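Visitor: Dropping in query_29.cif, which is mmCIF, C-alpha atoms:
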```cif
data_my_file
loop_
_atom_site.label_atom_id
_atom_site.label_comp_id
_atom_site.auth_asym_id
_atom_site.auth_seq_id
_atom_site.Cartn_x
_atom_site.Cartn_y
_atom_site.Cartn_z
CA GLY A 171 0.00 0.00 0.00
CA ALA A 172 0.93 3.66 -0.07
CA GLY A 173 3.55 4.86 2.35
CA VAL A 174 3.91 8.18 4.10
CA SER A 175 3.95 11.05 1.62
CA GLN A 176 5.19 14.59 2.10
CA SER A 177 4.90 17.75 0.06
CA PRO A 178 6.57 19.70 -1.26
CA SER A 179 9.73 17.66 -1.72
CA ASN A 180 11.78 20.84 -1.88
CA LYS A 181 11.01 24.36 -0.71
CA VAL A 182 13.15 27.46 -1.07
CA THR A 183 11.95 30.52 0.78
CA GLU A 184 13.24 33.91 1.74
CA LYS A 185 14.13 34.71 5.32
CA GLY A 186 11.12 36.07 7.16
CA LYS A 187 8.50 34.27 5.09
CA ASP A 188 6.13 31.63 6.47
CA VAL A 189 6.11 28.07 5.13
CA GLU A 190 3.71 25.13 5.40
CA LEU A 191 4.86 21.54 5.05
CA ARG A 192 2.38 18.72 4.54
CA CYS A 193 2.38 15.09 5.63
CA ASP A 194 -0.04 12.36 4.60
CA PRO A 195 0.37 9.38 6.93
CA ILE A 196 -0.32 5.76 6.14
CA SER A 197 -4.05 5.13 6.26
CA GLY A 198 -5.11 3.80 9.64
CA HIS A 199 -2.02 4.98 11.48
CA THR A 200 -3.13 6.93 14.53
CA ALA A 201 0.28 8.27 15.54
CA LEU A 202 2.14 10.91 13.56
CA TYR A 203 5.55 12.46 14.23
CA TRP A 204 7.59 15.33 12.85
CA TYR A 205 11.38 15.33 12.96
CA ARG A 206 14.00 17.75 11.70
CA GLN A 207 17.29 16.63 10.18
CA ARG A 208 20.01 19.20 9.73
CA LEU A 209 22.75 18.52 7.22
CA GLY A 210 24.99 15.68 8.40
CA GLN A 211 23.17 15.25 11.66
CA GLY A 212 20.67 12.92 13.26
CA LEU A 213 16.96 13.47 13.50
CA GLU A 214 15.55 15.81 16.13
CA PHE A 215 12.04 15.14 17.42
CA LEU A 216 9.67 18.09 16.96
CA ILE A 217 6.08 17.06 17.72
CA TYR A 218 3.94 13.93 18.13
CA PHE A 219 0.21 13.42 17.57
CA GLN A 220 -1.66 10.42 18.96
CA GLY A 221 -5.31 10.16 17.99
CA ASN A 222 -7.37 12.85 19.68
CA SER A 223 -4.98 13.31 22.60
CA ALA A 224 -3.16 16.57 23.16
CA PRO A 225 0.00 16.56 21.02
CA ASP A 226 3.46 16.28 22.56
CA LYS A 227 5.06 19.55 21.50
CA SER A 228 8.15 19.18 23.65
CA GLY A 229 10.54 19.17 20.68
CA LEU A 230 9.42 22.37 18.97
CA PRO A 231 12.45 24.71 19.02
CA SER A 232 10.55 27.99 19.22
CA ASP A 233 7.07 29.51 19.07
CA ARG A 234 7.62 30.11 15.35
CA PHE A 235 6.98 26.39 14.87
CA SER A 236 3.51 24.89 15.06
CA ALA A 237 1.72 21.85 13.70
CA GLU A 238 -1.82 20.69 13.25
CA ARG A 239 -3.45 17.40 12.52
CA THR A 240 -7.09 16.82 11.67
CA GLY A 241 -8.25 13.57 13.23
CA GLU A 242 -6.09 10.73 11.95
CA SER A 243 -5.31 12.25 8.60
CA VAL A 244 -3.05 14.87 7.13
CA SER A 245 -0.78 17.05 9.22
CA THR A 246 0.79 20.41 8.43
CA LEU A 247 3.92 21.83 10.02
CA THR A 248 4.08 25.62 9.87
CA ILE A 249 7.20 27.69 10.37
CA GLN A 250 6.59 31.41 10.72
CA ARG A 251 9.16 34.13 10.00
CA THR A 252 11.68 31.59 8.75
CA GLN A 253 15.34 31.96 9.67
CA GLN A 254 18.39 30.53 7.93
CA GLU A 255 18.92 28.08 10.79
CA ASP A 256 15.54 26.54 9.90
CA SER A 257 17.12 25.11 6.75
CA ALA A 258 16.92 21.34 7.08
CA VAL A 259 15.04 18.28 5.92
CA TYR A 260 11.72 17.92 7.72
CA LEU A 261 10.64 14.30 8.07
CA CYS A 262 7.25 12.95 8.96
CA ALA A 263 6.57 9.43 10.27
CA SER A 264 3.47 7.50 11.24
CA SER A 265 2.79 4.37 13.24
CA LEU A 266 0.00 2.27 14.62
CA VAL A 267 -0.84 2.82 18.27
CA ARG A 268 0.60 -0.26 19.84
CA GLY A 269 4.08 -1.61 19.44
CA SER A 270 4.71 -1.08 15.75
CA GLU A 271 7.50 0.83 14.15
CA GLN A 272 7.51 4.31 12.70
CA TYR A 273 7.43 4.60 8.93
CA PHE A 274 9.08 7.67 7.50
CA GLY A 275 8.21 9.77 4.49
CA PRO A 276 10.85 11.06 2.06
CA GLY A 277 11.04 14.44 3.74
CA THR A 278 10.78 18.07 2.66
CA ARG A 279 14.07 19.85 2.09
CA LEU A 280 13.65 23.44 3.28
CA THR A 281 16.18 26.06 2.27
CA VAL A 282 15.91 29.55 3.74
CA THR A 283 17.89 32.14 1.80
CA GLY B 52 15.74 13.39 28.65
CA GLU B 53 17.28 10.63 26.59
CA ASN B 54 20.70 11.10 24.97
CA VAL B 55 22.00 8.69 22.33
CA GLU B 56 25.61 8.64 21.20
CA GLN B 57 26.72 6.78 18.08
CA HIS B 58 30.16 5.72 16.84
CA PRO B 59 31.88 5.80 14.46
CA SER B 60 30.63 8.71 12.38
CA THR B 61 32.13 7.18 9.24
CA LEU B 62 33.08 3.61 8.47
CA SER B 63 34.68 2.19 5.37
CA VAL B 64 34.88 -1.57 4.83
CA GLN B 65 35.72 -3.80 1.93
CA GLU B 66 32.98 -5.83 0.33
CA GLY B 67 32.55 -9.08 2.21
CA ASP B 68 33.90 -7.74 5.50
CA SER B 69 31.80 -7.10 8.59
CA ALA B 70 30.72 -3.69 9.88
CA VAL B 71 29.89 -2.82 13.49
CA ILE B 72 28.22 0.37 14.68
CA LYS B 73 27.82 1.10 18.38
CA CYS B 74 25.41 3.26 20.34
CA THR B 75 24.99 4.17 23.97
CA TYR B 76 21.93 5.66 25.65
CA SER B 77 21.33 7.43 28.93
CA ASP B 78 17.73 6.77 29.99
CA SER B 79 17.29 3.42 31.73
CA ALA B 80 13.54 3.63 30.97
CA SER B 81 14.21 3.16 27.25
CA ASN B 82 12.97 -0.20 26.07
CA TYR B 83 12.90 0.00 22.30
CA PHE B 84 15.98 0.32 20.07
CA PRO B 85 15.50 0.52 16.31
CA TRP B 86 18.09 0.90 13.59
CA TYR B 87 17.35 2.88 10.45
CA LYS B 88 19.10 2.97 7.09
CA GLN B 89 18.93 6.20 5.12
CA GLU B 90 19.89 6.34 1.49
CA LEU B 91 20.61 9.60 -0.26
CA GLY B 92 17.50 11.69 -0.76
CA LYS B 93 15.22 9.28 1.06
CA GLY B 94 13.65 9.02 4.47
CA PRO B 95 15.03 6.56 7.03
CA GLN B 96 13.87 2.96 6.71
CA LEU B 97 13.69 0.59 9.64
CA ILE B 98 16.03 -2.36 9.13
CA ILE B 99 15.92 -4.08 12.51
CA ASP B 100 14.82 -3.34 16.05
CA ILE B 101 15.23 -4.87 19.47
CA ARG B 102 13.26 -4.62 22.65
CA SER B 103 14.71 -4.78 26.12
CA ASN B 104 13.44 -8.26 26.87
CA VAL B 105 15.97 -9.81 24.47
CA GLY B 106 19.73 -9.50 24.19
CA GLU B 107 20.22 -10.28 20.52
CA LYS B 108 18.20 -10.38 17.33
CA LYS B 109 19.27 -11.50 13.89
CA ASP B 110 17.80 -11.07 10.42
CA GLN B 111 19.89 -12.60 7.66
CA ARG B 112 23.11 -10.54 7.44
CA ILE B 113 22.03 -8.05 10.07
CA ALA B 114 22.12 -8.52 13.84
CA VAL B 115 21.62 -6.24 16.81
CA THR B 116 22.84 -6.81 20.35
CA LEU B 117 21.66 -5.05 23.49
CA ASN B 118 23.32 -4.74 26.88
CA LYS B 119 20.81 -3.04 29.19
CA THR B 120 23.17 -3.02 32.16
CA ALA B 121 25.78 -1.07 30.24
CA LYS B 122 23.16 0.86 28.25
CA HIS B 123 24.64 0.11 24.86
CA PHE B 124 23.52 -1.61 21.71
CA SER B 125 25.25 -2.45 18.45
CA LEU B 126 24.46 -3.18 14.82
CA HIS B 127 26.41 -5.88 13.04
CA ILE B 128 26.35 -6.31 9.28
CA THR B 129 28.14 -9.36 7.92
CA GLU B 130 29.25 -10.08 4.36
CA THR B 131 28.79 -6.44 3.42
CA GLN B 132 27.73 -5.54 -0.10
CA PRO B 133 27.94 -2.23 -2.02
CA GLU B 134 24.20 -1.72 -1.58
CA ASP B 135 24.74 -1.60 2.18
CA SER B 136 26.42 1.80 1.66
CA ALA B 137 24.19 4.37 3.39
CA VAL B 138 23.86 6.33 6.60
CA TYR B 139 22.75 4.24 9.56
CA PHE B 140 21.01 5.71 12.61
CA CYS B 141 20.37 4.10 15.96
CA ALA B 142 17.54 5.34 18.15
CA ALA B 143 15.99 4.74 21.54
CA SER B 144 12.55 5.25 23.07
CA ILE B 145 10.36 3.93 25.84
CA SER B 146 8.20 2.11 23.28
CA ALA B 147 7.89 1.67 19.53
CA ALA B 148 5.07 4.21 19.39
CA SER B 149 6.89 6.88 21.41
CA LYS B 150 9.08 9.66 20.13
CA LEU B 151 12.51 8.43 19.12
CA THR B 152 15.83 9.92 20.16
CA PHE B 153 18.34 9.38 17.39
CA GLY B 154 22.09 9.02 17.29
CA THR B 155 24.05 11.28 14.96
CA GLY B 156 24.45 8.63 12.27
CA THR B 157 27.21 6.51 10.74
CA ARG B 158 28.08 6.84 7.09
CA LEU B 159 28.98 3.34 5.91
CA GLN B 160 30.92 2.97 2.69
CA VAL B 161 31.39 -0.51 1.27
CA THR B 162 34.20 -0.57 -1.26
CA LEU B 163 34.83 -3.15 -3.95
#
```
Represent the structure contained in this file as structure tokens.

Guide:
Amino acid sequence: GAGVSQSPSNKVTEKGKDVELRCDPISGHTALYWYRQRLGQGLEFLIYFQGNSAPDKSGLPSDRFSAERTGESVSTLTIQRTQQEDSAVYLCASSLVRGSEQYFGPGTRLTVT
Amino acid sequence: GENVEQHPSTLSVQEGDSAVIKCTYSDSASNYFPWYKQELGKGPQLIIDIRSNVGEKKDQRIAVTLNKTAKHFSLHITETQPEDSAVYFCAASISAASKLTFGTGTRLQVTL
């Protein structure tokens, strides 16, 4: 079946502009995660959605970052007033509730000029 | 919070040789330890995982060992092939459905 999809695959934006990144999880997966991967580094957790529970936002680096998810479907990650240090690959993953692994999408490469 | 360290950052082996990547973690509550392979331009893909109730798990040429007392776990790839060349990440969490804390990655290069 279809895996996790993300759009756009690449995004170039000017410093100070807002951007929206989209993630479509695997159908039926109730958990959804956003991670950030800076060049040559590991993945940093940003935010986690689980069903209708309050999201775990503990990884968001500043109040310029926010994310939404409608039910168990698509999620959007919004970065306001982008800065050059926001340049990274933003990865989305989804998983079933109990005991199964996280499946990652291909990521969105964000470049802030 | 959890902290995961991964070594080495780069590893070059000849085709057919074995490769070993090691990780340590800090949070004794962590119970789930997956390994991901990331090829250029793609998202990470799970290749093997281990839970704290076992010490070793094997899947064909890939094996993972876990020492909970010492808080370290390792990935072993035997009979390496050129297609094994990629960046490998270890991770730790309290369960498979929890947020993962990743190591910084190991770039594995398998040479002919």

Visitor: Near Trp86 of chain B, within 6 Å and counting all atoms listed in the file, which residues show up once chain neighbours fewer than 6 positions away are dropped, as a list in words?

Guide: Leu97, Ile98, Ile99, Asp100, Phe140 and Cys141 of chain B

Visitor: Would you please work out which residue, of B:Ala142, B:Leu151, B:Ile128, B:Ala114, is nearest to Gly229 of chain A when using all atoms listed in the file?

Guide: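 Ranked by minimum distance to Gly229 of chain A, first place goes to B:Leu151.
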
Visitor: Take atom CA of Asp68 of chain B and atom CA of Leu159 of chain B and report the distance between them in Å, one decimal.

Guide: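 Rounded to one decimal, the two atoms are 12.1 Å apart.
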
Visitor: Each residue of chain B lying at most 8 Å from chain A should get a row with its shortest atom-to-atom pair and the distance in Å to one decimal, counting only C-alpha atoms; could you produce that, ordered by chain and increasing number, as CSV?

Guide:
```
residue,atom,partner,partner_atom,distance
B:Gly92,CA,A:Pro276,CA,7.3
B:Lys93,CA,A:Pro276,CA,4.8
B:Gly94,CA,A:Pro276,CA,4.2
B:Pro95,CA,A:Phe274,CA,6.1
B:Gln96,CA,A:Phe274,CA,6.8
B:Leu97,CA,A:Tyr273,CA,7.5
B:Phe140,CA,A:Gly212,CA,7.2
B:Ser146,CA,A:Gly269,CA,6.7
B:Ala147,CA,A:Gly269,CA,5.0
B:Ala148,CA,A:Gly269,CA,5.9
B:Lys150,CA,A:Phe215,CA,6.8
B:Leu151,CA,A:Phe215,CA,6.9
B:Thr152,CA,A:Phe215,CA,7.0
B:Phe153,CA,A:Leu213,CA,5.8
B:Gly154,CA,A:Gly212,CA,5.8
B:Thr155,CA,A:Gly212,CA,4.1
B:Gly156,CA,A:Gly212,CA,5.8
```

Visitor: Between A:Leu280, A:Gly186, A:Pro195, A:Ser257, single out the one closest to Arg234 of chain A, counting all atoms listed in the file.

Guide: A:Gly186

Visitor: What is the atom CA of Lys227 of chain A to atom CA of Leu247 of chain A distance in Å?

Guide: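 Value for the atom CA of Lys227 of chain A-atom CA of Leu247 of chain A distance: 11.8 Å.
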
Visitor: Could you tell me which of A:Pro225, A:Leu209, A:Val244, A:His199 comes closest to Ser177 of chain A if we count only C-alpha atoms?

Guide: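 Ranked by minimum distance to Ser177 of chain A, first place goes to A:Val244.
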
Visitor: Using the structure just given, write a file holding N, CA, C and O atoms for segment 265-276 of chain A, as a PDB file, in the first residue's frame.

Guide:
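Dumped everything to part32.pdb:
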```
ATOM      1  N   SER A 265       2.774   5.727  12.699  1.00  0.00           N
ATOM      2  CA  SER A 265       2.795   4.366  13.239  1.00  0.00           C
ATOM      3  C   SER A 265       1.420   4.013  13.793  1.00  0.00           C
ATOM      4  O   SER A 265       0.596   4.891  14.074  1.00  0.00           O
ATOM      5  N   LEU A 266       1.191   2.723  13.919  1.00  0.00           N
ATOM      6  CA  LEU A 266      -0.002   2.268  14.618  1.00  0.00           C
ATOM      7  C   LEU A 266       0.164   2.557  16.105  1.00  0.00           C
ATOM      8  O   LEU A 266       1.247   2.834  16.577  1.00  0.00           O
ATOM      9  N   VAL A 267      -0.896   2.454  16.866  1.00  0.00           N
ATOM     10  CA  VAL A 267      -0.838   2.818  18.274  1.00  0.00           C
ATOM     11  C   VAL A 267       0.100   1.921  19.057  1.00  0.00           C
ATOM     12  O   VAL A 267       0.994   2.379  19.752  1.00  0.00           O
ATOM     13  N   ARG A 268      -0.090   0.623  18.903  1.00  0.00           N
ATOM     14  CA  ARG A 268       0.596  -0.258  19.839  1.00  0.00           C
ATOM     15  C   ARG A 268       1.743  -1.027  19.203  1.00  0.00           C
ATOM     16  O   ARG A 268       1.538  -1.821  18.309  1.00  0.00           O
ATOM     17  N   GLY A 269       2.941  -0.736  19.671  1.00  0.00           N
ATOM     18  CA  GLY A 269       4.082  -1.608  19.439  1.00  0.00           C
ATOM     19  C   GLY A 269       4.646  -1.708  18.050  1.00  0.00           C
ATOM     20  O   GLY A 269       5.560  -2.490  17.813  1.00  0.00           O
ATOM     21  N   SER A 270       4.155  -0.935  17.099  1.00  0.00           N
ATOM     22  CA  SER A 270       4.711  -1.075  15.754  1.00  0.00           C
ATOM     23  C   SER A 270       5.622   0.088  15.420  1.00  0.00           C
ATOM     24  O   SER A 270       5.546   1.148  16.030  1.00  0.00           O
ATOM     25  N   GLU A 271       6.464  -0.135  14.445  1.00  0.00           N
ATOM     26  CA  GLU A 271       7.503   0.829  14.153  1.00  0.00           C
ATOM     27  C   GLU A 271       6.967   2.057  13.437  1.00  0.00           C
ATOM     28  O   GLU A 271       5.852   2.074  12.942  1.00  0.00           O
ATOM     29  N   GLN A 272       7.822   3.063  13.388  1.00  0.00           N
ATOM     30  CA  GLN A 272       7.510   4.306  12.700  1.00  0.00           C
ATOM     31  C   GLN A 272       7.982   4.196  11.254  1.00  0.00           C
ATOM     32  O   GLN A 272       9.109   3.788  10.986  1.00  0.00           O
ATOM     33  N   TYR A 273       7.112   4.583  10.340  1.00  0.00           N
ATOM     34  CA  TYR A 273       7.429   4.596   8.929  1.00  0.00           C
ATOM     35  C   TYR A 273       7.616   6.036   8.489  1.00  0.00           C
ATOM     36  O   TYR A 273       6.734   6.868   8.718  1.00  0.00           O
ATOM     37  N   PHE A 274       8.734   6.307   7.858  1.00  0.00           N
ATOM     38  CA  PHE A 274       9.081   7.671   7.497  1.00  0.00           C
ATOM     39  C   PHE A 274       8.709   7.995   6.048  1.00  0.00           C
ATOM     40  O   PHE A 274       8.785   7.136   5.163  1.00  0.00           O
ATOM     41  N   GLY A 275       8.358   9.255   5.835  1.00  0.00           N
ATOM     42  CA  GLY A 275       8.208   9.771   4.490  1.00  0.00           C
ATOM     43  C   GLY A 275       9.558  10.199   3.947  1.00  0.00           C
ATOM     44  O   GLY A 275      10.571  10.114   4.640  1.00  0.00           O
ATOM     45  N   PRO A 276       9.583  10.690   2.700  1.00  0.00           N
ATOM     46  CA  PRO A 276      10.846  11.060   2.058  1.00  0.00           C
ATOM     47  C   PRO A 276      11.397  12.401   2.517  1.00  0.00           C
ATOM     48  O   PRO A 276      12.546  12.725   2.243  1.00  0.00           O
TER      49      PRO A 276
END
```
